[in-house]
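Here's coords.pdb, which has PDB, C-alpha atoms:
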ATOM      1  CA  MET A   4     -39.090  37.611 -27.152  1.00  0.00           C
ATOM      2  CA  LYS A   5     -39.643  33.845 -27.362  1.00  0.00           C
ATOM      3  CA  LYS A   6     -39.230  33.968 -31.174  1.00  0.00           C
ATOM      4  CA  ILE A   7     -35.963  35.905 -30.849  1.00  0.00           C
ATOM      5  CA  SER A   8     -34.589  33.396 -28.323  1.00  0.00           C
ATOM      6  CA  ILE A   9     -35.485  30.442 -30.536  1.00  0.00           C
ATOM      7  CA  SER A  10     -33.929  32.055 -33.615  1.00  0.00           C
ATOM      8  CA  LEU A  11     -30.691  32.753 -31.725  1.00  0.00           C
ATOM      9  CA  LEU A  12     -30.324  29.149 -30.541  1.00  0.00           C
ATOM     10  CA  PRO A  13     -28.625  27.891 -33.752  1.00  0.00           C
ATOM     11  CA  LEU A  14     -26.185  30.825 -33.675  1.00  0.00           C
ATOM     12  CA  LEU A  15     -25.360  30.142 -30.027  1.00  0.00           C
ATOM     13  CA  ALA A  16     -24.773  26.451 -30.815  1.00  0.00           C
ATOM     14  CA  VAL A  17     -22.351  27.315 -33.645  1.00  0.00           C
ATOM     15  CA  VAL A  18     -20.409  29.748 -31.437  1.00  0.00           C
ATOM     16  CA  CYS A  19     -20.134  27.205 -28.598  1.00  0.00           C
ATOM     17  CA  VAL A  20     -18.916  24.450 -30.927  1.00  0.00           C
ATOM     18  CA  SER A  21     -16.389  26.804 -32.560  1.00  0.00           C
ATOM     19  CA  LEU A  22     -14.955  27.935 -29.242  1.00  0.00           C
ATOM     20  CA  GLY A  23     -14.605  24.369 -27.986  1.00  0.00           C
ATOM     21  CA  GLN A  24     -12.503  23.152 -30.906  1.00  0.00           C
ATOM     22  CA  ASN A  25      -8.766  23.533 -31.233  1.00  0.00           C
ATOM     23  CA  PRO A  26      -7.730  25.502 -34.286  1.00  0.00           C
ATOM     24  CA  SER A  27      -6.152  23.287 -36.915  1.00  0.00           C
ATOM     25  CA  SER A  28      -2.413  23.383 -37.336  1.00  0.00           C
ATOM     26  CA  PRO A  29      -1.176  25.623 -40.144  1.00  0.00           C
ATOM     27  CA  ARG A  30      -0.167  23.989 -43.432  1.00  0.00           C
ATOM     28  CA  VAL A  31       3.513  24.739 -44.121  1.00  0.00           C
ATOM     29  CA  THR A  32       5.609  24.319 -47.254  1.00  0.00           C
ATOM     30  CA  ALA A  33       9.372  23.823 -46.950  1.00  0.00           C
ATOM     31  CA  GLU A  34      11.513  23.699 -50.094  1.00  0.00           C
ATOM     32  CA  SER A  35      15.027  23.152 -51.332  1.00  0.00           C
ATOM     33  CA  LYS A  36      16.268  22.985 -54.915  1.00  0.00           C
ATOM     34  CA  ASN A  37      15.018  19.417 -55.487  1.00  0.00           C
ATOM     35  CA  VAL A  38      12.591  18.726 -52.622  1.00  0.00           C
ATOM     36  CA  LYS A  39       9.297  20.246 -51.475  1.00  0.00           C
ATOM     37  CA  VAL A  40       7.498  19.138 -48.293  1.00  0.00           C
ATOM     38  CA  GLU A  41       3.940  20.160 -47.380  1.00  0.00           C
ATOM     39  CA  TYR A  42       2.810  19.382 -43.842  1.00  0.00           C
ATOM     40  CA  GLY A  43       0.518  20.408 -41.021  1.00  0.00           C
ATOM     41  CA  GLN A  44       2.664  22.041 -38.323  1.00  0.00           C
ATOM     42  CA  PRO A  45       1.492  21.136 -34.813  1.00  0.00           C
ATOM     43  CA  SER A  46       2.872  22.752 -31.656  1.00  0.00           C
ATOM     44  CA  LYS A  47       4.183  21.040 -28.524  1.00  0.00           C
ATOM     45  CA  ARG A  48       2.119  23.198 -26.109  1.00  0.00           C
ATOM     46  CA  GLY A  49       3.698  21.653 -22.991  1.00  0.00           C
ATOM     47  CA  ARG A  50       3.021  18.059 -24.022  1.00  0.00           C
ATOM     48  CA  VAL A  51       5.472  15.147 -24.141  1.00  0.00           C
ATOM     49  CA  ILE A  52       5.339  14.257 -27.820  1.00  0.00           C
ATOM     50  CA  PHE A  53       7.258  11.061 -28.594  1.00  0.00           C
ATOM     51  CA  GLY A  54       6.394   8.027 -26.520  1.00  0.00           C
ATOM     52  CA  GLU A  55       3.250   9.672 -25.089  1.00  0.00           C
ATOM     53  CA  LEU A  56       1.171  11.836 -27.456  1.00  0.00           C
ATOM     54  CA  LEU A  57       2.651   9.837 -30.345  1.00  0.00           C
ATOM     55  CA  PRO A  58       3.233   6.301 -29.035  1.00  0.00           C
ATOM     56  CA  TYR A  59       6.407   4.563 -30.130  1.00  0.00           C
ATOM     57  CA  GLY A  60       5.962   1.885 -32.777  1.00  0.00           C
ATOM     58  CA  GLU A  61       2.847   3.381 -34.408  1.00  0.00           C
ATOM     59  CA  VAL A  62       2.540   4.906 -37.880  1.00  0.00           C
ATOM     60  CA  TRP A  63       2.385   8.705 -37.791  1.00  0.00           C
ATOM     61  CA  ARG A  64       1.374  11.084 -40.583  1.00  0.00           C
ATOM     62  CA  THR A  65       4.493  13.150 -39.744  1.00  0.00           C
ATOM     63  CA  GLY A  66       2.509  16.285 -39.083  1.00  0.00           C
ATOM     64  CA  ALA A  67      -1.072  17.258 -38.366  1.00  0.00           C
ATOM     65  CA  ASN A  68      -4.329  17.007 -40.275  1.00  0.00           C
ATOM     66  CA  GLN A  69      -3.698  16.012 -43.915  1.00  0.00           C
ATOM     67  CA  ALA A  70      -0.821  13.537 -44.246  1.00  0.00           C
ATOM     68  CA  THR A  71       2.527  15.074 -45.144  1.00  0.00           C
ATOM     69  CA  GLU A  72       3.501  15.013 -48.816  1.00  0.00           C
ATOM     70  CA  ILE A  73       7.015  15.177 -50.216  1.00  0.00           C
ATOM     71  CA  THR A  74       7.854  15.966 -53.843  1.00  0.00           C
ATOM     72  CA  PHE A  75      11.166  15.158 -55.519  1.00  0.00           C
ATOM     73  CA  ALA A  76      11.966  17.280 -58.594  1.00  0.00           C
ATOM     74  CA  LYS A  77      14.189  14.564 -60.060  1.00  0.00           C
ATOM     75  CA  ASP A  78      15.334  11.000 -59.423  1.00  0.00           C
ATOM     76  CA  GLY A  79      17.717  10.530 -56.509  1.00  0.00           C
ATOM     77  CA  THR A  80      18.264   8.565 -53.331  1.00  0.00           C
ATOM     78  CA  PHE A  81      16.379   8.888 -50.061  1.00  0.00           C
ATOM     79  CA  GLY A  82      17.901   7.184 -47.046  1.00  0.00           C
ATOM     80  CA  GLY A  83      20.337   5.475 -49.406  1.00  0.00           C
ATOM     81  CA  LYS A  84      17.573   3.923 -51.513  1.00  0.00           C
ATOM     82  CA  PRO A  85      16.599   4.989 -55.039  1.00  0.00           C
ATOM     83  CA  VAL A  86      13.531   7.207 -55.370  1.00  0.00           C
ATOM     84  CA  LYS A  87      11.863   8.376 -58.571  1.00  0.00           C
ATOM     85  CA  LYS A  88      10.859  11.947 -59.342  1.00  0.00           C
ATOM     86  CA  GLY A  89       7.304  12.553 -58.076  1.00  0.00           C
ATOM     87  CA  THR A  90       5.111  13.162 -55.032  1.00  0.00           C
ATOM     88  CA  TYR A  91       4.689  10.736 -52.146  1.00  0.00           C
ATOM     89  CA  THR A  92       2.987  10.623 -48.773  1.00  0.00           C
ATOM     90  CA  LEU A  93       5.562  10.678 -45.955  1.00  0.00           C
ATOM     91  CA  PHE A  94       4.862   8.499 -42.928  1.00  0.00           C
ATOM     92  CA  THR A  95       7.119   7.717 -39.995  1.00  0.00           C
ATOM     93  CA  ILE A  96       7.166   5.192 -37.188  1.00  0.00           C
ATOM     94  CA  PRO A  97       8.986   6.843 -34.272  1.00  0.00           C
ATOM     95  CA  ALA A  98      10.870   4.747 -31.714  1.00  0.00           C
ATOM     96  CA  ALA A  99      13.169   5.765 -28.867  1.00  0.00           C
ATOM     97  CA  ARG A 100      16.435   5.294 -30.788  1.00  0.00           C
ATOM     98  CA  GLU A 101      15.480   5.003 -34.455  1.00  0.00           C
ATOM     99  CA  TRP A 102      12.632   5.849 -36.800  1.00  0.00           C
ATOM    100  CA  THR A 103      11.226   4.041 -39.800  1.00  0.00           C
ATOM    101  CA  ILE A 104      10.707   6.495 -42.650  1.00  0.00           C
ATOM    102  CA  ILE A 105       8.106   5.493 -45.248  1.00  0.00           C
ATOM    103  CA  LEU A 106       7.281   6.882 -48.687  1.00  0.00           C
ATOM    104  CA  ASN A 107       3.854   5.817 -49.956  1.00  0.00           C
ATOM    105  CA  SER A 108       2.450   6.495 -53.433  1.00  0.00           C
ATOM    106  CA  GLN A 109      -1.180   6.966 -52.280  1.00  0.00           C
ATOM    107  CA  LEU A 110      -1.755  10.716 -52.134  1.00  0.00           C
ATOM    108  CA  GLY A 111      -4.567  12.656 -50.437  1.00  0.00           C
ATOM    109  CA  GLN A 112      -4.627  10.704 -47.182  1.00  0.00           C
ATOM    110  CA  PHE A 113      -5.952  12.343 -44.042  1.00  0.00           C
ATOM    111  CA  GLY A 114      -3.779  11.414 -41.096  1.00  0.00           C
ATOM    112  CA  ALA A 115      -2.660   7.789 -40.933  1.00  0.00           C
ATOM    113  CA  PHE A 116      -6.173   6.432 -40.471  1.00  0.00           C
ATOM    114  CA  GLU A 117      -6.168   4.521 -43.778  1.00  0.00           C
ATOM    115  CA  TYR A 118      -2.466   3.665 -43.825  1.00  0.00           C
ATOM    116  CA  ASP A 119      -3.106  -0.080 -43.449  1.00  0.00           C
ATOM    117  CA  GLN A 120      -5.376  -0.001 -46.517  1.00  0.00           C
ATOM    118  CA  HIS A 121      -2.617   1.628 -48.595  1.00  0.00           C
ATOM    119  CA  LYS A 122       0.435  -0.082 -47.054  1.00  0.00           C
ATOM    120  CA  SER A 123       0.906  -2.096 -50.255  1.00  0.00           C
ATOM    121  CA  LYS A 124       1.697   1.219 -52.000  1.00  0.00           C
ATOM    122  CA  ASN A 125       4.828   1.819 -49.929  1.00  0.00           C
ATOM    123  CA  VAL A 126       7.624   2.790 -52.295  1.00  0.00           C
ATOM    124  CA  LEU A 127      10.392   2.509 -49.704  1.00  0.00           C
ATOM    125  CA  GLU A 128      11.130   2.166 -46.010  1.00  0.00           C
ATOM    126  CA  VAL A 129      14.385   3.165 -44.313  1.00  0.00           C
ATOM    127  CA  LEU A 130      15.612   3.168 -40.720  1.00  0.00           C
ATOM    128  CA  VAL A 131      17.395   6.237 -39.378  1.00  0.00           C
ATOM    129  CA  ALA A 132      18.803   6.971 -35.946  1.00  0.00           C
ATOM    130  CA  SER A 133      17.107   9.601 -33.806  1.00  0.00           C
ATOM    131  CA  ARG A 134      18.966  11.996 -31.555  1.00  0.00           C
ATOM    132  CA  LYS A 135      18.187  14.527 -28.830  1.00  0.00           C
ATOM    133  CA  THR A 136      18.022  18.177 -29.818  1.00  0.00           C
ATOM    134  CA  GLN A 137      20.015  20.776 -27.897  1.00  0.00           C
ATOM    135  CA  ALA A 138      16.823  22.711 -27.116  1.00  0.00           C
ATOM    136  CA  VAL A 139      13.103  21.984 -27.182  1.00  0.00           C
ATOM    137  CA  VAL A 140      11.548  22.504 -30.627  1.00  0.00           C
ATOM    138  CA  GLU A 141       8.062  23.972 -30.050  1.00  0.00           C
ATOM    139  CA  LYS A 142       6.668  23.525 -33.568  1.00  0.00           C
ATOM    140  CA  LEU A 143       7.251  20.510 -35.784  1.00  0.00           C
ATOM    141  CA  SER A 144       9.966  21.428 -38.261  1.00  0.00           C
ATOM    142  CA  ILE A 145      10.695  19.579 -41.515  1.00  0.00           C
ATOM    143  CA  ARG A 146      13.657  21.034 -43.395  1.00  0.00           C
ATOM    144  CA  PRO A 147      14.771  19.717 -46.779  1.00  0.00           C
ATOM    145  CA  SER A 148      18.146  20.420 -48.324  1.00  0.00           C
ATOM    146  CA  ASP A 149      19.749  18.645 -51.244  1.00  0.00           C
ATOM    147  CA  THR A 150      21.692  16.410 -48.835  1.00  0.00           C
ATOM    148  CA  ALA A 151      19.176  15.594 -46.078  1.00  0.00           C
ATOM    149  CA  LEU A 152      15.623  15.857 -44.822  1.00  0.00           C
ATOM    150  CA  VAL A 153      15.638  16.883 -41.152  1.00  0.00           C
ATOM    151  CA  ILE A 154      12.586  16.370 -38.942  1.00  0.00           C
ATOM    152  CA  GLU A 155      12.608  17.960 -35.463  1.00  0.00           C
ATOM    153  CA  TRP A 156      10.011  18.318 -32.745  1.00  0.00           C
ATOM    154  CA  ASP A 157      10.047  18.406 -28.954  1.00  0.00           C
ATOM    155  CA  THR A 158      13.512  17.048 -28.062  1.00  0.00           C
ATOM    156  CA  THR A 159      13.901  14.664 -31.022  1.00  0.00           C
ATOM    157  CA  SER A 160      15.609  15.002 -34.385  1.00  0.00           C
ATOM    158  CA  VAL A 161      16.063  12.636 -37.321  1.00  0.00           C
ATOM    159  CA  SER A 162      17.995  13.211 -40.529  1.00  0.00           C
ATOM    160  CA  ILE A 163      17.396  11.239 -43.717  1.00  0.00           C
ATOM    161  CA  PRO A 164      20.277  11.496 -46.205  1.00  0.00           C
ATOM    162  CA  MET A 165      19.391  12.434 -49.802  1.00  0.00           C
ATOM    163  CA  LYS A 166      21.323  12.716 -53.075  1.00  0.00           C
ATOM    164  CA  PHE A 167      20.313  14.139 -56.454  1.00  0.00           C
TER     165      PHE A 167
END

Can you present the structure in this file as structure tokens?
Amino acid sequence: MKKISISLLPLLAVVCVSLGQNPSSPRVTAESKNVKVEYGQPSKRGRVIFGELLPYGEVWRTGANQATEITFAKDGTFGGKPVKKGTYTLFTIPAAREWTIILNSQLGQFGAFEYDQHKSKNVLEVLVASRKTQAVVEKLSIRPSDTALVIEWDTTSVSIPMKF
């Protein structure tokens, strides 16, 4: 009996650790004709997101887990600034009335933990106004079209104009 109890201890430890962790947010891909965005999609789950969970003025990975990546199929403009065809990491700095949108050429980043190390690889930064949504958005939503990239979550929405 003692041998059985000792052999079950590692299994019990794994089960306890697994049950105590939050499941990771699903990885979502959103596409339009010229833009593809891959991001971890967190849920609100009753929390106040902007200004509390995500403090204003701090760099955010614009999603969960692995930093969000955006791919442009051809050259165009993003927030009124030229952007070359290719894949970039998308970071944002939320504020109450406007957001800073950042494209960074360093791929494969987890979260924004190493952003300061790769800040020199920023390709562009643009400011866009934020607005209140008509209803609460439970899951982070990033929707590309060929005219704008819309990011919505909780009660906040931003739209970055694009042209191709």

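Between Ala151 of chain A and the residues A:Gly83, A:Pro97, A:Pro29, A:Gly89, the shortest atom-to-atom distance, using all atoms listed in the file, involves A:Gly83.
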
Suppose a student applies the PyMOL selection byres ((chain A and resi 110) around 7) to this structure; what residues should they get, written as a PDB file with C-alpha atoms, in the frame of the given file?
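Now in part.pdb:
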ATOM      1  CA  TYR A  91       4.689  10.736 -52.146  1.00  0.00           C
ATOM      2  CA  THR A  92       2.987  10.623 -48.773  1.00  0.00           C
ATOM      3  CA  SER A 108       2.450   6.495 -53.433  1.00  0.00           C
ATOM      4  CA  GLN A 109      -1.180   6.966 -52.280  1.00  0.00           C
ATOM      5  CA  GLY A 111      -4.567  12.656 -50.437  1.00  0.00           C
ATOM      6  CA  GLN A 112      -4.627  10.704 -47.182  1.00  0.00           C
TER       7      GLN A 112
END

| task | Run the PyMOL selection byres ((chain A and resi 61) around 9) mentally over the shown coordinates, then write out the matched residues as a PyMOL selection string, using the chain letters and numbers from the document. | result | chain A and resi 57-60+62-63+95-98

| request: Excluding Ser133 of chain A and residues on its chain fewer than 3 positions from it, collect all residues at most 6 Å away from it, counting only C-alpha atoms, and give them as a list in words. | output: Arg100, Glu101, Ser160 and Val161 of chain A

| request: Quick one: pull the distance between atom CA of Thr158 of chain A and atom CA of Lys135 of chain A, Å, one decimal. | output: 5.4 Å

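Reported to one decimal place, the separation of atom CA of Arg64 of chain A from atom CA of Val31 of chain A is 14.3 Å.
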
| Which residue of A:Ile154, A:Ala99, A:Ile163, A:Val140 approaches Glu128 of chain A most closely, using only C-alpha atoms | A:Ile163

| Given only C-alpha atoms as the counted atoms, nearest of A:Val129, A:Lys124, A:Ala67, A:Lys87 to Ile105 of chain A | A:Val129

| message | Quick check on the file I pasted: which residues fall under the PyMOL selection byres ((chain A and resi 142) around 6)? Write them as a PyMOL selection string. | response | chain A and resi 45-46+140-141+143

Using the selection just defined, write its residues with C-alpha atoms as a PDB file, in the coordinates of the input.
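Dumped to selection_10.pdb:
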ATOM      1  CA  PRO A  45       1.492  21.136 -34.813  1.00  0.00           C
ATOM      2  CA  SER A  46       2.872  22.752 -31.656  1.00  0.00           C
ATOM      3  CA  VAL A 140      11.548  22.504 -30.627  1.00  0.00           C
ATOM      4  CA  GLU A 141       8.062  23.972 -30.050  1.00  0.00           C
ATOM      5  CA  LEU A 143       7.251  20.510 -35.784  1.00  0.00           C
TER       6      LEU A 143
END

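Here the question is which of A:Thr71, A:Ser162, A:Ser27, A:Thr90 gets nearest to Thr136 of chain A using all atoms listed in the file, and that residue is A:Ser162.
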
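For the atom pair formed by atom CA of Val38 of chain A and atom CA of Gly82 of chain A, the distance is 13.9 Å, given to one decimal.
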
| query | Contacts of Lys36 of chain A at 10 Å or less, counting all atoms listed in the file, minus same-chain residues fewer than 4 places along, as a ChimeraX atom specification? | reply | /A:75-76,147-149,167

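Excluding Glu41 of chain A itself and any same-chain residue fewer than 2 positions from it, the protein and nucleic acid residues within 9 Å of it, counting all atoms listed in the file, are A:Arg30, A:Val31, A:Thr32, A:Ala33, A:Glu34, A:Lys39, A:Gly43, A:Ala70, A:Thr71, A:Glu72, A:Ile73, A:Thr74, A:Ile145.
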
Using only the atoms of segment 49-66 of chain A listed in the file, plus 6 Å on each side, state the axis-aligned box centre and edge lengths in Å rounded to one decimal, as lines of an AutoDock Vina configuration file.
center_x = 4.2
center_y = 11.8
center_z = -31.8
size_x = 18.1
size_y = 31.8
size_z = 29.6

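Point (15.2, 6.4, -37.9) has the following residues at most 6 Å away: Glu101, Trp102, Thr103, Leu130, Val131, Ala132 and Ser133 of chain A (atoms considered: all atoms listed in the file).
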
Take segment 29-56 of chain A, bring it up to N, CA and C atoms, and give me the output as an mmCIF file, in the frame of the given file.
data_model
loop_
_atom_site.group_PDB
_atom_site.id
_atom_site.type_symbol
_atom_site.label_atom_id
_atom_site.label_comp_id
_atom_site.auth_asym_id
_atom_site.auth_seq_id
_atom_site.Cartn_x
_atom_site.Cartn_y
_atom_site.Cartn_z
ATOM 1 N N PRO A 29 -1.381 25.000 -38.832
ATOM 2 C CA PRO A 29 -1.176 25.623 -40.144
ATOM 3 C C PRO A 29 -0.495 24.656 -41.107
ATOM 4 N N ARG A 30 -0.819 24.778 -42.382
ATOM 5 C CA ARG A 30 -0.167 23.989 -43.432
ATOM 6 C C ARG A 30 1.074 24.766 -43.857
ATOM 7 N N VAL A 31 2.227 24.101 -43.837
ATOM 8 C CA VAL A 31 3.513 24.739 -44.121
ATOM 9 C C VAL A 31 4.148 24.070 -45.333
ATOM 10 N N THR A 32 4.836 24.855 -46.138
ATOM 11 C CA THR A 32 5.609 24.319 -47.254
ATOM 12 C C THR A 32 7.070 24.663 -47.026
ATOM 13 N N ALA A 33 7.920 23.634 -47.081
ATOM 14 C CA ALA A 33 9.372 23.823 -46.950
ATOM 15 C C ALA A 33 10.003 23.299 -48.236
ATOM 16 N N GLU A 34 10.927 24.085 -48.803
ATOM 17 C CA GLU A 34 11.513 23.699 -50.094
ATOM 18 C C GLU A 34 13.018 23.857 -50.128
ATOM 19 N N SER A 35 13.632 22.996 -50.933
ATOM 20 C CA SER A 35 15.027 23.152 -51.332
ATOM 21 C C SER A 35 15.030 23.081 -52.857
ATOM 22 N N LYS A 36 16.182 23.010 -53.452
ATOM 23 C CA LYS A 36 16.268 22.985 -54.915
ATOM 24 C C LYS A 36 15.502 21.802 -55.511
ATOM 25 N N ASN A 37 15.605 20.629 -54.910
ATOM 26 C CA ASN A 37 15.018 19.417 -55.487
ATOM 27 C C ASN A 37 13.905 18.774 -54.668
ATOM 28 N N VAL A 38 13.572 19.353 -53.511
ATOM 29 C CA VAL A 38 12.591 18.726 -52.622
ATOM 30 C C VAL A 38 11.606 19.771 -52.095
ATOM 31 N N LYS A 39 10.330 19.393 -52.079
ATOM 32 C CA LYS A 39 9.297 20.246 -51.475
ATOM 33 C C LYS A 39 8.499 19.360 -50.522
ATOM 34 N N VAL A 40 8.268 19.861 -49.294
ATOM 35 C CA VAL A 40 7.498 19.138 -48.293
ATOM 36 C C VAL A 40 6.336 20.025 -47.851
ATOM 37 N N GLU A 41 5.127 19.456 -47.848
ATOM 38 C CA GLU A 41 3.940 20.160 -47.380
ATOM 39 C C GLU A 41 3.373 19.381 -46.203
ATOM 40 N N TYR A 42 3.243 20.074 -45.054
ATOM 41 C CA TYR A 42 2.810 19.382 -43.842
ATOM 42 C C TYR A 42 2.035 20.298 -42.910
ATOM 43 N N GLY A 43 1.193 19.691 -42.086
ATOM 44 C CA GLY A 43 0.518 20.408 -41.021
ATOM 45 C C GLY A 43 1.492 20.555 -39.865
ATOM 46 N N GLN A 44 1.636 21.762 -39.321
ATOM 47 C CA GLN A 44 2.664 22.041 -38.323
ATOM 48 C C GLN A 44 2.060 22.178 -36.918
ATOM 49 N N PRO A 45 2.014 21.062 -36.180
ATOM 50 C CA PRO A 45 1.492 21.136 -34.813
ATOM 51 C C PRO A 45 2.510 21.753 -33.860
ATOM 52 N N SER A 46 2.022 22.195 -32.715
ATOM 53 C CA SER A 46 2.872 22.752 -31.656
ATOM 54 C C SER A 46 2.917 21.804 -30.467
ATOM 55 N N LYS A 47 3.984 21.877 -29.702
ATOM 56 C CA LYS A 47 4.183 21.040 -28.524
ATOM 57 C C LYS A 47 3.193 21.397 -27.412
ATOM 58 N N ARG A 48 3.039 22.682 -27.129
ATOM 59 C CA ARG A 48 2.119 23.198 -26.109
ATOM 60 C C ARG A 48 2.243 22.458 -24.765
ATOM 61 N N GLY A 49 3.478 22.240 -24.309
ATOM 62 C CA GLY A 49 3.698 21.653 -22.991
ATOM 63 C C GLY A 49 3.540 20.143 -22.911
ATOM 64 N N ARG A 50 3.247 19.506 -24.021
ATOM 65 C CA ARG A 50 3.021 18.059 -24.022
ATOM 66 C C ARG A 50 4.321 17.299 -24.261
ATOM 67 N N VAL A 51 4.382 16.059 -23.777
ATOM 68 C CA VAL A 51 5.472 15.147 -24.141
ATOM 69 C C VAL A 51 5.025 14.502 -25.445
ATOM 70 N N ILE A 52 5.788 14.688 -26.497
ATOM 71 C CA ILE A 52 5.339 14.257 -27.820
ATOM 72 C C ILE A 52 5.626 12.775 -28.074
ATOM 73 N N PHE A 53 6.905 12.425 -28.181
ATOM 74 C CA PHE A 53 7.258 11.061 -28.594
ATOM 75 C C PHE A 53 7.255 10.112 -27.402
ATOM 76 N N GLY A 54 6.535 9.013 -27.579
ATOM 77 C CA GLY A 54 6.394 8.027 -26.520
ATOM 78 C C GLY A 54 5.137 8.233 -25.693
ATOM 79 N N GLU A 55 4.501 9.408 -25.816
ATOM 80 C CA GLU A 55 3.250 9.672 -25.089
ATOM 81 C C GLU A 55 2.156 10.111 -26.057
ATOM 82 N N LEU A 56 2.184 11.379 -26.501
ATOM 83 C CA LEU A 56 1.171 11.836 -27.456
ATOM 84 C C LEU A 56 1.225 10.973 -28.720
#
